[in-house]
$ cat my_file18.txt   # compact mmCIF, C-alpha atoms
# COMPACT_ATOMS: atom_id res chain seq x y z
CA MET A 1 0.00 0.00 0.00
CA GLY A 2 1.33 3.45 -0.92
CA TYR A 3 -0.02 5.07 2.22
CA ASN A 4 1.12 3.80 5.56
CA VAL A 5 1.22 5.43 8.99
CA VAL A 6 3.04 3.26 11.51
CA PRO A 7 1.35 4.44 14.74
CA LEU A 8 -2.05 4.08 13.07
CA ALA A 9 -1.27 0.59 11.80
CA LYS A 10 -0.14 -0.40 15.31
CA LEU A 11 -3.36 0.94 16.80
CA ILE A 12 -5.51 -0.93 14.27
CA GLU A 13 -3.58 -4.11 15.00
CA GLN A 14 -4.25 -3.71 18.73
CA PHE A 15 -8.00 -3.44 18.19
CA GLU A 16 -8.03 -6.23 15.63
CA ARG A 17 -6.85 -8.66 18.32
CA MET A 18 -9.90 -7.98 20.47
CA PRO A 19 -12.69 -10.55 20.47
CA GLY A 20 -15.42 -9.98 17.90
CA ILE A 21 -13.56 -7.21 16.09
CA GLY A 22 -12.50 -7.66 12.48
CA ARG A 23 -10.30 -5.58 10.22
CA LYS A 24 -12.96 -3.03 9.27
CA SER A 25 -14.25 -2.49 12.80
CA ALA A 26 -10.68 -2.14 14.06
CA GLN A 27 -10.06 0.58 11.48
CA ARG A 28 -13.25 2.36 12.44
CA ILE A 29 -12.39 2.24 16.14
CA ALA A 30 -8.81 3.38 15.51
CA PHE A 31 -10.06 6.45 13.64
CA TYR A 32 -12.55 7.08 16.43
CA VAL A 33 -9.69 6.98 18.94
CA LEU A 34 -7.64 9.34 16.76
CA ASN A 35 -10.53 11.79 16.69
CA MET A 36 -10.78 11.81 20.49
CA THR A 37 -9.49 14.87 22.30
CA ASP A 38 -6.20 14.39 24.14
CA SER A 39 -7.96 14.25 27.49
CA GLN A 40 -10.43 11.63 26.24
CA ALA A 41 -7.54 9.50 25.02
CA LYS A 42 -5.87 9.90 28.39
CA ASP A 43 -9.10 8.78 30.10
CA LEU A 44 -9.19 5.67 27.93
CA CYS A 45 -5.57 4.82 28.76
CA ASN A 46 -6.20 5.46 32.45
CA ALA A 47 -9.27 3.21 32.43
CA ILE A 48 -7.18 0.40 30.93
CA SER A 49 -4.21 0.70 33.24
CA GLU A 50 -6.36 1.37 36.31
CA ALA A 51 -8.45 -1.73 35.66
CA HIS A 52 -5.23 -3.69 35.29
CA GLU A 53 -3.65 -2.39 38.45
CA LYS A 54 -6.63 -2.36 40.78
CA ILE A 55 -8.65 -5.41 39.81
CA HIS A 56 -7.65 -8.76 41.26
CA GLN A 57 -9.35 -11.88 42.59
CA CYS A 58 -11.51 -11.80 45.71
CA LYS A 59 -9.75 -13.61 48.58
CA CYS A 60 -12.84 -15.72 49.19
CA CYS A 61 -14.70 -16.42 45.93
CA CYS A 62 -12.01 -15.59 43.33
CA ASN A 63 -14.36 -13.19 41.56
CA LEU A 64 -12.82 -9.96 40.26
CA THR A 65 -12.78 -7.05 42.70
CA GLU A 66 -10.84 -3.94 43.59
CA ASN A 67 -10.99 -4.67 47.34
CA GLU A 68 -9.85 -7.63 49.40
CA LEU A 69 -13.33 -9.13 49.33
CA CYS A 70 -15.78 -8.63 46.48
CA SER A 71 -19.06 -6.80 47.08
CA VAL A 72 -20.98 -10.09 47.32
CA CYS A 73 -18.65 -11.75 49.84
CA SER A 74 -18.44 -8.59 51.96
CA ASN A 75 -22.23 -8.14 51.95
CA ALA A 76 -23.55 -9.39 55.30
CA SER A 77 -27.07 -9.87 53.95
CA ARG A 78 -25.98 -12.50 51.41
CA ASP A 79 -26.61 -16.12 52.37
CA LYS A 80 -23.18 -17.64 53.02
CA THR A 81 -24.57 -21.19 53.23
CA THR A 82 -25.17 -21.42 49.47
CA VAL A 83 -22.35 -21.18 46.94
CA CYS A 84 -22.97 -20.92 43.21
CA VAL A 85 -19.99 -22.17 41.17
CA VAL A 86 -19.53 -20.43 37.79
CA GLU A 87 -16.83 -20.50 35.13
CA ASP A 88 -16.45 -16.80 34.54
CA PRO A 89 -16.94 -13.39 36.23
CA ARG A 90 -19.42 -12.56 33.46
CA ASP A 91 -21.60 -15.44 34.64
CA VAL A 92 -21.80 -13.75 38.04
CA LEU A 93 -23.06 -10.61 36.31
CA ALA A 94 -25.65 -12.66 34.44
CA ILE A 95 -26.96 -14.34 37.59
CA GLU A 96 -26.92 -11.08 39.54
CA ARG A 97 -29.10 -9.55 36.84
CA THR A 98 -31.87 -12.03 37.70
CA GLN A 99 -32.00 -10.44 41.20
CA ASP A 100 -33.21 -13.83 42.38
CA TYR A 101 -30.11 -15.36 43.87
CA LYS A 102 -29.17 -14.35 47.40
CA GLY A 103 -26.25 -16.70 48.06
CA THR A 104 -22.55 -16.28 47.28
CA TYR A 105 -20.44 -17.30 44.29
CA HIS A 106 -17.27 -19.11 43.43
CA VAL A 107 -15.56 -18.25 40.15
CA LEU A 108 -13.48 -21.04 38.61
CA HIS A 109 -11.94 -18.87 35.87
CA GLY A 110 -12.43 -21.54 33.24
CA ALA A 111 -13.52 -25.15 32.86
CA ILE A 112 -11.58 -28.38 32.75
CA SER A 113 -10.55 -28.85 29.13
CA PRO A 114 -7.73 -31.33 28.45
CA MET A 115 -7.83 -30.35 24.74
CA ASN A 116 -6.71 -26.83 25.69
CA GLY A 117 -4.36 -28.02 28.43
CA ILE A 118 -6.58 -26.79 31.26
CA GLY A 119 -6.64 -29.22 34.18
CA PRO A 120 -8.26 -28.90 37.63
CA GLU A 121 -5.10 -27.32 39.05
CA GLN A 122 -5.44 -24.31 36.69
CA LEU A 123 -8.89 -23.54 38.14
CA THR A 124 -9.75 -22.24 41.61
CA ILE A 125 -11.03 -25.63 42.80
CA LYS A 126 -8.57 -25.75 45.70
CA GLN A 127 -9.94 -22.46 47.03
CA LEU A 128 -13.49 -23.81 46.69
CA LEU A 129 -12.65 -26.91 48.76
CA ALA A 130 -10.97 -24.70 51.37
CA ARG A 131 -14.20 -22.72 51.71
CA MET A 132 -16.07 -25.91 52.65
CA ASP A 133 -13.92 -26.23 55.76
CA ASP A 134 -14.07 -22.58 56.80
CA ASP A 135 -17.63 -21.53 56.05
CA GLU A 136 -20.86 -23.23 57.02
CA VAL A 137 -21.78 -24.13 53.42
CA ASN A 138 -24.86 -26.37 52.98
CA GLU A 139 -25.38 -26.33 49.24
CA VAL A 140 -23.19 -25.88 46.19
CA ILE A 141 -25.03 -25.03 42.96
CA MET A 142 -23.02 -26.01 39.89
CA ALA A 143 -23.70 -23.27 37.33
CA THR A 144 -20.94 -24.08 34.84
CA ASN A 145 -21.86 -23.75 31.16
CA PRO A 146 -24.08 -26.44 29.61
CA THR A 147 -21.19 -27.60 27.39
CA VAL A 148 -19.07 -30.75 27.46
CA GLU A 149 -16.32 -28.96 29.39
CA GLY A 150 -18.77 -27.33 31.79
CA GLU A 151 -20.47 -30.68 32.43
CA ALA A 152 -17.19 -32.45 33.05
CA THR A 153 -16.10 -29.72 35.46
CA ALA A 154 -19.38 -29.91 37.36
CA MET A 155 -19.07 -33.71 37.62
CA TYR A 156 -15.44 -33.49 38.76
CA ILE A 157 -16.18 -30.94 41.47
CA SER A 158 -19.32 -32.70 42.70
CA ARG A 159 -17.30 -35.88 43.22
CA LEU A 160 -14.86 -33.97 45.40
CA LEU A 161 -17.60 -32.21 47.37
CA LYS A 162 -20.03 -35.04 48.06
CA PRO A 163 -17.71 -36.93 50.46
CA MET A 164 -17.50 -33.69 52.47
CA GLY A 165 -21.25 -33.95 53.17
CA VAL A 166 -22.29 -30.98 51.02
CA LYS A 167 -25.46 -30.98 48.95
CA VAL A 168 -24.46 -30.45 45.30
CA THR A 169 -27.08 -29.32 42.77
CA ARG A 170 -27.00 -28.41 39.07
CA LEU A 171 -28.87 -25.71 37.15
CA ALA A 172 -32.04 -27.06 35.49
CA TYR A 173 -31.87 -27.93 31.81
CA GLY A 174 -34.86 -27.16 29.63
CA VAL A 175 -36.29 -24.99 26.93
CA PRO A 176 -35.42 -21.31 27.26
CA VAL A 177 -38.32 -19.00 28.09
CA GLY A 178 -39.69 -17.27 25.00
CA ALA A 179 -38.13 -19.75 22.60
CA ASP A 180 -39.93 -21.77 19.95
CA LEU A 181 -40.21 -25.50 20.69
CA GLU A 182 -39.84 -26.16 16.98
CA TYR A 183 -36.32 -24.75 17.00
CA ALA A 184 -35.14 -26.40 20.23
CA ASP A 185 -32.43 -29.01 19.62
CA GLU A 186 -33.15 -32.64 20.50
CA VAL A 187 -30.83 -32.82 23.50
CA THR A 188 -32.36 -29.76 25.12
CA LEU A 189 -35.85 -31.03 24.42
CA SER A 190 -35.22 -34.50 25.83
CA ARG A 191 -33.64 -32.89 28.93
CA ALA A 192 -36.71 -30.69 29.27
CA ILE A 193 -38.99 -33.75 29.13
CA GLU A 194 -36.78 -35.59 31.60
CA GLY A 195 -36.90 -32.67 34.04
CA ARG A 196 -40.66 -32.03 33.70
CA GLN A 197 -42.39 -30.68 36.76
CA LEU A 198 -45.86 -30.96 38.31
CA LEU A 199 -48.16 -28.08 37.42
CA MET B 1 -26.76 -5.00 40.84
CA GLY B 2 -25.16 -6.67 43.84
CA TYR B 3 -21.80 -6.99 42.18
CA ASN B 4 -20.02 -3.88 40.98
CA VAL B 5 -16.34 -3.16 40.33
CA VAL B 6 -15.75 0.51 39.58
CA PRO B 7 -12.59 0.24 37.41
CA LEU B 8 -14.25 -2.53 35.39
CA ALA B 9 -17.44 -0.51 34.91
CA LYS B 10 -15.36 2.45 33.75
CA LEU B 11 -13.50 0.29 31.26
CA ILE B 12 -16.73 -1.17 29.87
CA GLU B 13 -18.14 2.33 29.52
CA GLN B 14 -15.08 3.42 27.53
CA PHE B 15 -15.48 0.59 25.04
CA GLU B 16 -19.22 1.05 24.84
CA ARG B 17 -18.70 4.52 23.39
CA MET B 18 -16.76 3.16 20.43
CA PRO B 19 -18.54 2.89 17.09
CA GLY B 20 -20.25 -0.43 16.41
CA ILE B 21 -19.75 -1.73 19.95
CA GLY B 22 -22.73 -2.48 22.15
CA ARG B 23 -23.01 -3.38 25.81
CA LYS B 24 -22.22 -7.07 25.41
CA SER B 25 -19.22 -6.56 23.11
CA ALA B 26 -17.90 -3.87 25.42
CA GLN B 27 -18.08 -6.32 28.34
CA ARG B 28 -16.30 -8.99 26.31
CA ILE B 29 -13.55 -6.61 25.27
CA ALA B 30 -13.15 -5.28 28.81
CA PHE B 31 -12.64 -8.81 30.13
CA TYR B 32 -10.21 -9.48 27.29
CA VAL B 33 -8.24 -6.39 28.31
CA LEU B 34 -8.30 -7.52 31.96
CA ASN B 35 -6.89 -10.89 30.95
CA MET B 36 -3.99 -9.28 29.08
CA THR B 37 -0.58 -9.44 30.71
CA ASP B 38 0.67 -6.16 32.16
CA SER B 39 3.05 -5.64 29.27
CA GLN B 40 0.31 -6.23 26.71
CA ALA B 41 -1.89 -3.67 28.46
CA LYS B 42 1.01 -1.24 28.43
CA ASP B 43 1.44 -1.85 24.68
CA LEU B 44 -2.22 -1.06 24.11
CA CYS B 45 -1.99 2.18 26.09
CA ASN B 46 1.20 3.13 24.28
CA ALA B 47 -0.38 2.49 20.89
CA ILE B 48 -3.25 4.81 21.82
CA SER B 49 -1.15 7.65 23.20
CA GLU B 50 1.51 7.31 20.50
CA ALA B 51 -1.09 7.50 17.74
CA HIS B 52 -2.47 10.59 19.44
CA GLU B 53 0.85 12.31 19.84
CA LYS B 54 2.50 11.45 16.56
CA ILE B 55 -0.30 11.52 14.02
CA HIS B 56 -1.30 14.87 12.55
CA GLN B 57 -2.36 16.26 9.20
CA CYS B 58 -0.01 16.27 6.21
CA LYS B 59 1.10 19.83 5.40
CA CYS B 60 0.10 19.37 1.77
CA CYS B 61 -2.92 17.05 1.46
CA CYS B 62 -4.29 17.09 5.07
CA ASN B 63 -4.20 13.29 5.22
CA LEU B 64 -3.06 11.74 8.50
CA THR B 65 0.68 11.16 8.84
CA GLU B 66 3.45 10.99 11.41
CA ASN B 67 5.83 13.08 9.28
CA GLU B 68 5.57 16.56 7.84
CA LEU B 69 4.40 15.16 4.50
CA CYS B 70 2.44 11.93 4.13
CA SER B 71 3.92 8.98 2.26
CA VAL B 72 1.93 9.82 -0.88
CA CYS B 73 2.89 13.51 -1.01
CA SER B 74 6.54 12.74 -0.29
CA ASN B 75 6.69 10.01 -2.94
CA ALA B 76 8.40 11.46 -6.03
CA SER B 77 6.90 8.83 -8.30
CA ARG B 78 3.31 9.95 -7.64
CA ASP B 79 1.69 12.16 -10.26
CA LYS B 80 1.36 15.61 -8.68
CA THR B 81 -0.80 16.92 -11.52
CA THR B 82 -3.85 14.90 -10.43
CA VAL B 83 -5.52 15.41 -7.06
CA CYS B 84 -8.23 13.11 -5.75
CA VAL B 85 -10.48 14.84 -3.19
CA VAL B 86 -11.93 12.52 -0.52
CA GLU B 87 -13.91 13.06 2.66
CA ASP B 88 -11.99 10.82 5.01
CA PRO B 89 -8.53 9.27 5.50
CA ARG B 90 -10.20 5.85 5.25
CA ASP B 91 -11.24 6.71 1.70
CA VAL B 92 -7.56 7.16 0.85
CA LEU B 93 -6.91 3.64 2.17
CA ALA B 94 -9.78 2.32 0.04
CA ILE B 95 -8.50 3.95 -3.16
CA GLU B 96 -4.90 2.93 -2.43
CA ARG B 97 -6.07 -0.68 -2.18
CA THR B 98 -7.13 -0.58 -5.84
CA GLN B 99 -3.42 0.02 -6.72
CA ASP B 100 -4.74 1.84 -9.78
CA TYR B 101 -4.46 5.45 -8.82
CA LYS B 102 -1.06 7.10 -9.15
CA GLY B 103 -1.96 10.73 -8.36
CA THR B 104 -2.12 12.50 -4.99
CA TYR B 105 -5.01 13.10 -2.58
CA HIS B 106 -6.68 15.83 -0.65
CA VAL B 107 -8.57 14.90 2.51
CA LEU B 108 -11.47 17.21 3.43
CA HIS B 109 -12.11 15.63 6.85
CA GLY B 110 -15.85 15.69 6.35
CA ALA B 111 -18.49 16.95 3.97
CA ILE B 112 -20.59 20.10 3.94
CA SER B 113 -23.62 19.36 6.09
CA PRO B 114 -25.61 22.34 7.35
CA MET B 115 -27.82 19.96 9.37
CA ASN B 116 -24.79 19.03 11.47
CA GLY B 117 -23.37 22.54 11.48
CA ILE B 118 -20.49 21.69 9.13
CA GLY B 119 -19.83 24.46 6.66
CA PRO B 120 -17.05 24.85 4.05
CA GLU B 121 -14.82 26.61 6.58
CA GLN B 122 -14.72 23.50 8.80
CA LEU B 123 -13.24 21.47 5.93
CA THR B 124 -9.78 21.76 4.36
CA ILE B 125 -11.09 23.50 1.22
CA LYS B 126 -8.83 26.55 1.76
CA GLN B 127 -5.78 24.30 1.70
CA LEU B 128 -7.03 22.64 -1.50
CA LEU B 129 -7.39 26.00 -3.24
CA ALA B 130 -3.91 26.99 -2.07
CA ARG B 131 -2.50 23.87 -3.74
CA MET B 132 -3.91 24.99 -7.09
CA ASP B 133 -1.62 28.01 -6.99
CA ASP B 134 1.51 26.23 -5.82
CA ASP B 135 1.46 22.92 -7.68
CA GLU B 136 0.95 22.33 -11.35
CA VAL B 137 -2.42 20.58 -10.90
CA ASN B 138 -4.32 19.73 -14.12
CA GLU B 139 -7.17 17.62 -12.85
CA VAL B 140 -9.13 17.33 -9.60
CA ILE B 141 -11.14 14.13 -9.17
CA MET B 142 -14.05 14.58 -6.76
CA ALA B 143 -14.30 11.31 -4.83
CA THR B 144 -16.62 12.41 -2.04
CA ASN B 145 -19.25 9.88 -0.96
CA PRO B 146 -22.25 9.35 -3.25
CA THR B 147 -24.58 10.88 -0.64
CA VAL B 148 -26.45 14.17 -0.56
CA GLU B 149 -23.71 15.76 1.55
CA GLY B 150 -20.92 14.33 -0.61
CA GLU B 151 -22.65 15.54 -3.80
CA ALA B 152 -23.17 19.03 -2.42
CA THR B 153 -19.54 19.23 -1.33
CA ALA B 154 -18.34 18.10 -4.76
CA MET B 155 -20.54 20.71 -6.47
CA TYR B 156 -19.40 23.46 -4.12
CA ILE B 157 -15.71 22.73 -4.64
CA SER B 158 -16.02 22.32 -8.41
CA ARG B 159 -17.58 25.77 -8.65
CA LEU B 160 -14.59 27.23 -6.83
CA LEU B 161 -12.06 25.32 -8.93
CA LYS B 162 -13.44 25.75 -12.44
CA PRO B 163 -12.72 29.51 -12.66
CA MET B 164 -9.08 28.64 -11.85
CA GLY B 165 -8.89 26.68 -15.10
CA VAL B 166 -8.65 23.24 -13.50
CA LYS B 167 -10.38 20.20 -14.98
CA VAL B 168 -12.80 18.83 -12.35
CA THR B 169 -14.11 15.27 -12.68
CA ARG B 170 -16.37 13.06 -10.57
CA LEU B 171 -16.19 9.31 -9.84
CA ALA B 172 -18.43 7.30 -12.18
CA TYR B 173 -21.80 6.20 -10.88
CA GLY B 174 -23.09 2.79 -11.84
CA VAL B 175 -23.85 -0.72 -10.71
CA PRO B 176 -21.20 -2.18 -8.38
CA VAL B 177 -19.18 -5.06 -9.86
CA GLY B 178 -20.49 -8.44 -8.73
CA ALA B 179 -23.87 -7.07 -7.69
CA ASP B 180 -27.25 -8.26 -8.85
CA LEU B 181 -29.11 -5.86 -11.18
CA GLU B 182 -32.34 -6.99 -9.58
CA TYR B 183 -31.29 -5.54 -6.24
CA ALA B 184 -29.84 -2.27 -7.54
CA ASP B 185 -31.89 0.77 -6.51
CA GLU B 186 -33.56 2.90 -9.18
CA VAL B 187 -31.30 5.92 -8.82
CA THR B 188 -28.15 3.85 -9.22
CA LEU B 189 -29.62 2.02 -12.18
CA SER B 190 -30.74 5.16 -13.98
CA ARG B 191 -27.29 6.68 -13.36
CA ALA B 192 -25.74 3.53 -14.81
CA ILE B 193 -27.89 3.81 -17.94
CA GLU B 194 -27.07 7.51 -18.24
CA GLY B 195 -23.36 6.79 -18.01
CA ARG B 196 -23.35 3.81 -20.39
CA GLN B 197 -20.19 3.34 -22.43
CA LEU B 198 -19.34 1.97 -25.87
CA LEU B 199 -18.24 -1.66 -25.85

$ encode --input "my_file18.txt" --output "structure tokens"
Amino acid sequence: MGYNVVPLAKLIEQFERMPGIGRKSAQRIAFYVLNMTDSQAKDLCNAISEAHEKIHQCKCCCNLTENELCSVCSNASRDKTTVCVVEDPRDVLAIERTQDYKGTYHVLHGAISPMNGIGPEQLTIKQLLARMDDDEVNEVIMATNPTVEGEATAMYISRLLKPMGVKVTRLAYGVPVGADLEYADEVTLSRAIEGRQLL
Amino acid sequence: MGYNVVPLAKLIEQFERMPGIGRKSAQRIAFYVLNMTDSQAKDLCNAISEAHEKIHQCKCCCNLTENELCSVCSNASRDKTTVCVVEDPRDVLAIERTQDYKGTYHVLHGAISPMNGIGPEQLTIKQLLARMDDDEVNEVIMATNPTVEGEATAMYISRLLKPMGVKVTRLAYGVPVGADLEYADEVTLSRAIEGRQLL
């Protein structure tokens, strides 16, 4: 190409690496960033570096937080006897949005996936087991993703927890609310029939 | 929401403002940035601030560059007698990709749009007129967008240039290569018929 600006190319490359952003979007975002005022650009940089410096894992549930304990763990009104195990901090956000769950969380930061070289020791399973000793936990809800890896992780953890005398449950499978039965896949549908409930 | 991390929320907000990025994508990107190593995050910040500090307008054609003259204007092999007028630096990239055009450019940084409060004085039209005196320009190709604003801008500039004895041309209108005639809109099609050429 006859026209090439190195700092611009570098910026486009940075955005192109981000998830869900292709070449064209990266270009568009790079030009947007160039058109920012200097103070706006500084704000963007600060937000990135600040998030990197301040955010770390909660001492108790391994969720992301800027304090020692996350806002759920440090909230006295949350039910400490129930722990919901999720793969990702985003799953905590999703469950919090329901405003239905009053217990605490445990974030694994991934799922067991031998194909990608992720074993139990890369996850925060050790910290989860340690919580069983310290806290008065009655029930652990496995809310890992309904995928092969998520399933395997849930099975693995439940086998470790059951001998400790903890009740281990799993999120219900079934048809999503608002969906069309016609378009539901067979596995989901047969799980929904299996898990049918009295009306 | 029960769970809130201020630096993370700030970061998501920053990405949400970018063009083409909604709430969900912004969250995904923010978590991607959080998962970067410290040195990767520093690289990202550097790319942003470097682009901001180093990139400015070319003294001649107002395109973005890190030097005094952009790589097109400083290239002795480019034909300085032809100037292609575009709205945006991205349009230069698009035309350069054709590898067909050997002349120089002039970037207006917008189009006349009274609705958005953009008049001729906000664009780099003055600099374009100045080039007519200095350089030995024969032809100016108007390559503004085929929109109402782009058309109006092209007309406005051509009226200023013609009295100076410069040949002013406009990009051809017609059906895009590879498209389906059936789906072409009427205006495009009638322009294509109007501009038909001998085979």

$ residues_around --input "my_file18.txt" --residues "region 161-170 of chain B" --least-positions-apart "3" --cutoff "10 Å" --atoms "only C-alpha atoms" --output "ChimeraX atom specification"
/B:82-85,128-129,132-133,136-144,151,154-158,173

$ write_last_selection --input "my_file18.txt" --atoms "C-alpha atoms" --output "PDB file, keeping the file's coordinate frame"
ATOM      1  CA  THR B  82      -3.850  14.900 -10.430  1.00  0.00           C
ATOM      2  CA  VAL B  83      -5.520  15.410  -7.060  1.00  0.00           C
ATOM      3  CA  CYS B  84      -8.230  13.110  -5.750  1.00  0.00           C
ATOM      4  CA  VAL B  85     -10.480  14.840  -3.190  1.00  0.00           C
ATOM      5  CA  LEU B 128      -7.030  22.640  -1.500  1.00  0.00           C
ATOM      6  CA  LEU B 129      -7.390  26.000  -3.240  1.00  0.00           C
ATOM      7  CA  MET B 132      -3.910  24.990  -7.090  1.00  0.00           C
ATOM      8  CA  ASP B 133      -1.620  28.010  -6.990  1.00  0.00           C
ATOM      9  CA  GLU B 136       0.950  22.330 -11.350  1.00  0.00           C
ATOM     10  CA  VAL B 137      -2.420  20.580 -10.900  1.00  0.00           C
ATOM     11  CA  ASN B 138      -4.320  19.730 -14.120  1.00  0.00           C
ATOM     12  CA  GLU B 139      -7.170  17.620 -12.850  1.00  0.00           C
ATOM     13  CA  VAL B 140      -9.130  17.330  -9.600  1.00  0.00           C
ATOM     14  CA  ILE B 141     -11.140  14.130  -9.170  1.00  0.00           C
ATOM     15  CA  MET B 142     -14.050  14.580  -6.760  1.00  0.00           C
ATOM     16  CA  ALA B 143     -14.300  11.310  -4.830  1.00  0.00           C
ATOM     17  CA  THR B 144     -16.620  12.410  -2.040  1.00  0.00           C
ATOM     18  CA  GLU B 151     -22.650  15.540  -3.800  1.00  0.00           C
ATOM     19  CA  ALA B 154     -18.340  18.100  -4.760  1.00  0.00           C
ATOM     20  CA  MET B 155     -20.540  20.710  -6.470  1.00  0.00           C
ATOM     21  CA  TYR B 156     -19.400  23.460  -4.120  1.00  0.00           C
ATOM     22  CA  ILE B 157     -15.710  22.730  -4.640  1.00  0.00           C
ATOM     23  CA  SER B 158     -16.020  22.320  -8.410  1.00  0.00           C
ATOM     24  CA  TYR B 173     -21.800   6.200 -10.880  1.00  0.00           C
TER      25      TYR B 173
END

$ interface_residues --input "my_file18.txt" --of "chain A" --to "chain B" --cutoff "6 Å" --atoms "all atoms listed in the file" --output "PyMOL selection string"
chain A and resi 3+5+7-8+11+34+45+47+51-52+65+71

$ residues_near_point --input "my_file18.txt" --point "(-38.1, -32.7, 31.3)" --cutoff "12 Å" --atoms "only C-alpha atoms" --output "list of chain:residue names"
A:Ala172, A:Tyr173, A:Gly174, A:Val175, A:Glu186, A:Val187, A:Thr188, A:Leu189, A:Ser190, A:Arg191, A:Ala192, A:Ile193, A:Glu194, A:Gly195, A:Arg196, A:Gln197, A:Leu198

$ atom_distance --input "my_file18.txt" --atom1 "CA of Gly110 (chain B)" --atom2 "CA of Cys62 (chain B)"
11.7 Å

$ axis_aligned_box --input "my_file18.txt" --around "region 26-37 of chain B" --padding-each-side "8 Å" --output "JSON"
{"center_x": -9.3, "center_y": -7.4, "center_z": 28.6, "size_x": 33.5, "size_y": 23.0, "size_z": 22.7}

$ decode --input "my_file18.txt" --residues "region 173-184 of chain A" --atoms "N, CA, C and O atoms" --output "short mmCIF file (atom, residue, chain, number, x, y, z; two decimals), in the first residue's frame"
data_model
loop_
_atom_site.label_atom_id
_atom_site.label_comp_id
_atom_site.auth_asym_id
_atom_site.auth_seq_id
_atom_site.Cartn_x
_atom_site.Cartn_y
_atom_site.Cartn_z
N TYR A 173 -31.89 -27.99 33.27
CA TYR A 173 -31.87 -27.93 31.81
C TYR A 173 -33.29 -27.84 31.31
O TYR A 173 -34.20 -28.41 31.91
N GLY A 174 -33.51 -27.22 30.19
CA GLY A 174 -34.86 -27.16 29.63
C GLY A 174 -34.92 -26.17 28.51
O GLY A 174 -33.90 -25.62 28.09
N VAL A 175 -36.13 -25.95 28.02
CA VAL A 175 -36.29 -24.99 26.93
C VAL A 175 -36.22 -23.59 27.48
O VAL A 175 -36.77 -23.30 28.54
N PRO A 176 -35.51 -22.69 26.80
CA PRO A 176 -35.42 -21.31 27.26
C PRO A 176 -36.76 -20.60 27.12
O PRO A 176 -37.49 -20.85 26.17
N VAL A 177 -37.06 -19.74 28.11
CA VAL A 177 -38.32 -19.00 28.09
C VAL A 177 -38.39 -18.11 26.85
O VAL A 177 -37.42 -17.43 26.53
N GLY A 178 -39.51 -18.11 26.18
CA GLY A 178 -39.69 -17.27 25.00
C GLY A 178 -39.23 -17.92 23.72
O GLY A 178 -39.41 -17.36 22.64
N ALA A 179 -38.63 -19.11 23.81
CA ALA A 179 -38.13 -19.75 22.60
C ALA A 179 -39.25 -20.54 21.92
O ALA A 179 -40.34 -20.71 22.47
N ASP A 180 -38.97 -21.02 20.73
CA ASP A 180 -39.93 -21.77 19.95
C ASP A 180 -39.56 -23.24 20.08
O ASP A 180 -38.42 -23.62 19.80
N LEU A 181 -40.50 -24.08 20.51
CA LEU A 181 -40.21 -25.50 20.69
C LEU A 181 -39.66 -26.11 19.41
O LEU A 181 -38.75 -26.93 19.43
N GLU A 182 -40.21 -25.66 18.29
CA GLU A 182 -39.84 -26.16 16.98
C GLU A 182 -38.33 -26.07 16.75
O GLU A 182 -37.73 -26.91 16.08
N TYR A 183 -37.74 -24.99 17.27
CA TYR A 183 -36.32 -24.75 17.00
C TYR A 183 -35.40 -25.29 18.11
O TYR A 183 -34.19 -25.14 18.02
N ALA A 184 -35.98 -25.86 19.16
CA ALA A 184 -35.14 -26.40 20.23
C ALA A 184 -34.43 -27.65 19.72
O ALA A 184 -35.01 -28.44 18.99
#
